>>> print(open('data.csv').read())   # CSV, C-alpha atoms
chain,number,residue,atom,x,y,z
A,4,MET,CA,-9.0,49.7,5.9
A,5,PHE,CA,-6.9,50.9,8.9
A,6,VAL,CA,-4.4,48.8,10.8
A,7,ILE,CA,-3.9,49.7,14.4
A,8,VAL,CA,-0.8,48.2,15.9
A,9,GLY,CA,-0.1,48.3,19.7
A,10,LEU,CA,3.6,47.6,20.5
A,11,GLY,CA,4.7,45.4,23.3
A,12,ASN,CA,6.4,42.1,24.2
A,13,PRO,CA,4.5,38.8,24.2
A,14,GLY,CA,4.1,36.6,27.3
A,15,THR,CA,2.9,36.9,30.9
A,16,LYS,CA,6.4,38.1,32.0
A,17,TYR,CA,5.8,41.4,30.2
A,18,ALA,CA,2.1,41.8,30.8
A,19,ASP,CA,1.1,45.2,32.2
A,20,THR,CA,4.7,46.6,32.0
A,21,ARG,CA,5.5,50.1,30.8
A,22,HIS,CA,6.7,48.9,27.4
A,23,ASN,CA,3.4,47.0,26.8
A,24,ILE,CA,1.1,50.0,27.0
A,25,GLY,CA,0.6,49.7,23.3
A,26,PHE,CA,-0.8,46.2,23.8
A,27,VAL,CA,-2.9,47.4,26.7
A,28,ALA,CA,-4.4,50.2,24.5
A,29,VAL,CA,-5.2,47.8,21.7
A,30,ASP,CA,-6.8,45.3,24.2
A,31,TYR,CA,-8.9,48.2,25.5
A,32,LEU,CA,-10.0,49.2,22.0
A,33,SER,CA,-10.9,45.5,21.2
A,34,ARG,CA,-13.2,45.4,24.3
A,35,GLN,CA,-14.8,48.7,23.4
A,36,LEU,CA,-15.4,47.6,19.8
A,37,ASN,CA,-16.2,44.0,20.7
A,38,ILE,CA,-13.4,42.6,18.5
A,39,ASN,CA,-11.7,39.4,19.5
A,40,ILE,CA,-7.9,39.5,19.0
A,41,ASN,CA,-7.5,35.7,18.7
A,42,LYS,CA,-6.1,34.9,15.2
A,43,ILE,CA,-2.4,34.4,14.6
A,44,ARG,CA,-1.3,36.0,11.3
A,45,HIS,CA,1.6,38.2,10.2
A,46,LYS,CA,3.7,37.2,13.2
A,47,ALA,CA,1.0,38.8,15.4
A,48,LEU,CA,-2.2,38.3,17.3
A,49,VAL,CA,-4.9,40.0,15.2
A,50,GLY,CA,-8.6,40.8,15.3
A,51,GLU,CA,-10.8,42.3,12.6
A,52,GLY,CA,-13.8,44.6,13.0
A,53,TYR,CA,-15.1,48.1,12.3
A,54,ILE,CA,-15.0,51.6,13.5
A,55,GLY,CA,-18.1,53.1,12.0
A,56,THR,CA,-18.2,51.7,8.5
A,57,GLU,CA,-14.4,51.6,8.3
A,58,LYS,CA,-12.8,48.1,8.4
A,59,ILE,CA,-9.9,47.8,10.9
A,60,LEU,CA,-7.4,45.3,11.9
A,61,LEU,CA,-6.1,45.3,15.5
A,62,VAL,CA,-2.5,44.0,15.7
A,63,LYS,CA,-0.3,42.9,18.6
A,64,PRO,CA,3.1,41.8,17.1
A,65,GLN,CA,4.5,38.7,18.8
A,66,THR,CA,8.1,39.2,17.6
A,67,TYR,CA,9.3,41.0,20.8
A,68,MET,CA,9.7,44.8,20.7
A,69,ASN,CA,13.0,45.1,18.9
A,70,LEU,CA,11.7,43.1,15.9
A,71,SER,CA,8.2,44.7,15.7
A,72,GLY,CA,9.0,45.8,12.1
A,73,GLU,CA,8.9,42.2,10.9
A,74,SER,CA,5.2,41.9,11.8
A,75,VAL,CA,4.2,45.4,10.7
A,76,MET,CA,6.0,45.0,7.4
A,77,ASN,CA,4.2,41.7,6.8
A,78,VAL,CA,0.8,43.3,7.5
A,79,VAL,CA,1.5,46.4,5.4
A,80,ASP,CA,2.7,44.4,2.4
A,81,TYR,CA,-0.1,41.9,2.6
A,82,TYR,CA,-2.9,44.5,2.6
A,83,LYS,CA,-0.9,47.0,0.4
A,84,LEU,CA,-1.7,49.5,3.1
A,85,PRO,CA,-1.2,53.2,2.5
A,86,SER,CA,1.0,54.8,5.2
A,87,GLU,CA,-1.7,57.1,6.4
A,88,ASN,CA,-3.9,54.0,7.3
A,89,LEU,CA,-1.3,52.5,9.7
A,90,ILE,CA,-1.5,53.7,13.3
A,91,ILE,CA,1.1,52.7,15.8
A,92,ILE,CA,0.5,53.0,19.6
A,93,TYR,CA,3.6,52.8,21.8
A,94,ASP,CA,5.2,54.0,25.1
A,95,ASP,CA,7.4,57.1,25.3
A,96,VAL,CA,9.9,57.7,28.1
A,97,ASP,CA,10.3,61.4,27.0
A,98,LEU,CA,6.7,62.2,27.9
A,99,SER,CA,5.3,62.4,31.4
A,100,PRO,CA,3.1,59.5,32.6
A,101,GLY,CA,-0.3,59.6,30.8
A,102,VAL,CA,0.5,62.3,28.3
A,103,LEU,CA,-0.6,61.6,24.7
A,104,ARG,CA,1.3,62.8,21.7
A,105,ILE,CA,-0.2,62.2,18.3
A,106,ARG,CA,1.9,62.8,15.1
A,107,PRO,CA,1.3,62.1,11.4
A,108,GLN,CA,5.0,61.1,11.0
A,109,GLY,CA,8.4,61.4,12.6
A,110,SER,CA,11.5,59.7,13.8
A,111,SER,CA,11.7,56.7,16.2
A,112,GLY,CA,13.3,58.7,19.0
A,113,SER,CA,14.9,56.2,21.3
A,114,HIS,CA,12.2,53.5,20.8
A,115,ASN,CA,13.6,50.3,19.4
A,116,GLY,CA,10.2,49.0,18.3
A,117,MET,CA,9.7,52.1,16.2
A,118,LYS,CA,13.3,51.9,14.9
A,119,SER,CA,12.6,48.4,13.6
A,120,ILE,CA,9.3,49.5,11.9
A,121,ILE,CA,10.8,52.6,10.3
A,122,TYR,CA,13.9,50.6,9.1
A,123,LEU,CA,11.9,47.8,7.6
A,124,LEU,CA,9.1,49.9,6.0
A,125,ASN,CA,11.8,52.4,4.9
A,126,LYS,CA,9.5,55.3,5.8
A,127,ASP,CA,8.3,57.2,8.8
A,128,ASP,CA,5.2,58.9,7.3
A,129,PHE,CA,2.5,57.0,9.3
A,130,PRO,CA,0.4,58.2,12.2
A,131,ARG,CA,1.5,57.3,15.7
A,132,ILE,CA,0.1,57.7,19.2
A,133,ARG,CA,2.8,57.9,21.9
A,134,ILE,CA,1.7,57.3,25.5
A,135,GLY,CA,4.0,58.9,28.1
A,136,ILE,CA,5.5,56.5,30.7
A,137,GLY,CA,8.0,59.0,32.2
A,138,LYS,CA,11.7,59.0,32.5
A,139,GLN,CA,13.5,56.2,34.3
A,140,PRO,CA,15.3,57.2,37.5
A,141,GLU,CA,19.0,57.9,37.1
A,142,TYR,CA,20.0,54.8,39.0
A,143,MET,CA,18.0,52.5,36.8
A,144,ASP,CA,18.8,51.0,33.4
A,145,LEU,CA,16.3,51.9,30.6
A,146,ALA,CA,15.6,48.3,29.8
A,147,ASP,CA,14.8,47.5,33.4
A,148,TYR,CA,12.6,50.5,33.7
A,149,VAL,CA,10.5,49.9,30.5
A,150,THR,CA,10.0,46.2,31.4
A,151,GLY,CA,8.9,47.2,34.9
A,152,LYS,CA,5.3,47.5,36.1
A,153,PHE,CA,3.7,50.9,36.9
A,154,PRO,CA,3.6,52.0,40.5
A,155,LYS,CA,0.2,51.9,42.1
A,156,ASP,CA,-0.2,55.7,42.0
A,157,GLU,CA,0.4,55.8,38.2
A,158,ILE,CA,-2.1,53.1,37.4
A,159,PRO,CA,-5.2,55.4,37.3
A,160,ILE,CA,-3.3,57.9,35.2
A,161,MET,CA,-2.3,55.2,32.7
A,162,VAL,CA,-5.9,53.7,32.6
A,163,GLU,CA,-7.1,57.2,31.6
A,164,ALA,CA,-4.3,57.5,29.0
A,165,VAL,CA,-5.3,54.2,27.4
A,166,LYS,CA,-8.9,55.3,27.2
A,167,ARG,CA,-7.9,58.6,25.5
A,168,ALA,CA,-5.5,56.7,23.1
A,169,ALA,CA,-8.5,54.4,22.1
A,170,ASP,CA,-10.6,57.5,21.6
A,171,ALA,CA,-7.8,59.1,19.5
A,172,VAL,CA,-7.7,56.0,17.3
A,173,GLU,CA,-11.4,56.3,16.6
A,174,GLU,CA,-10.9,60.1,15.9
A,175,ILE,CA,-8.1,59.3,13.4
A,176,VAL,CA,-10.2,56.7,11.6
A,177,LEU,CA,-13.4,58.7,11.5
A,178,LYS,CA,-12.2,62.3,11.2
A,179,GLY,CA,-8.5,62.2,10.3
A,180,ILE,CA,-5.1,62.8,12.0
A,181,ALA,CA,-5.4,66.6,12.2
A,182,ALA,CA,-8.7,66.4,14.1
A,183,ALA,CA,-7.2,63.9,16.5
A,184,MET,CA,-4.1,66.0,17.1
A,185,ASN,CA,-6.3,69.1,17.8
A,186,LYS,CA,-8.4,67.1,20.2
A,187,PHE,CA,-5.9,65.0,22.1
A,188,ASN,CA,-2.5,66.7,22.0
A,189,GLY,CA,-2.4,68.9,25.1
>>> encode(input="data.csv", output="structure tokens")
Amino acid sequence: MFVIVGLGNPGTKYADTRHNIGFVAVDYLSRQLNININKIRHKALVGEGYIGTEKILLVKPQTYMNLSGESVMNVVDYYKLPSENLIIIYDDVDLSPGVLRIRPQGSSGSHNGMKSIIYLLNKDDFPRIRIGIGKQPEYMDLADYVTGKFPKDEIPIMVEAVKRAADAVEEIVLKGIAAAMNKFNG
């Protein structure tokens, strides 16, 4: 079994914001795989389905970004999930808009959702797909930037990035992290 977690903040106020690109990617994947994300478990909205013959659980934590680890830890403990079967999708201000970066492990960088997950799991050896959202302008506070919406000219770039992130999830599940890194890290 694989657990695919998209990070974001719950509620309409945060819908389609930069920080919610993980939610957007999981929603796209759910439509592609015909999986309804409509159950509330593990402090998250979840949906179960398959990629090929591999069972998957799509997860959108409802704890707000800074407490994402509470939901993820609950899922990992409940399913006794090995680290390599946990995939986290989230935004990254250190990557240009639309750039994907897939890694088998690593630090949280400046991302508070990942800090929470790594702290509560007490490990960082799980795959992650980072989706670039670009750096905030110097005049802008980071929190305001990440909770802001994408400008019109970036929307097509981000739509394409979400599609590639969903394809990368399928690649990880079916062929492994190395194959996904070779195919999608550019």
>>> residues_around(input="data.csv", residues="range 140-151 of chain A", least_positions_apart="5", cutoff="7 Å", atoms="all atoms listed in the file", output="list in words")
Tyr17, Thr20, Arg21 and His22 of chain A
>>> closest_residue(input="data.csv", among="A:Val172, A:Ile105, A:Ile40, A:Leu61", to="Arg131 in chain A", atoms="only C-alpha atoms")
A:Ile105
>>> atom_distance(input="data.csv", atom1="CA of Leu89 in chain A", atom2="CA of Leu36 in chain A")
18.0 Å
>>> closest_residue(input="data.csv", among="A:Ile91, A:Ile38, A:Ala171, A:Val165", to="Gly109 in chain A", atoms="only C-alpha atoms")
A:Ile91
>>> closest_residue(input="data.csv", among="A:Met161, A:Ile134, A:Val6, A:Ala182", to="Ile90 in chain A", atoms="all atoms listed in the file")
A:Val6
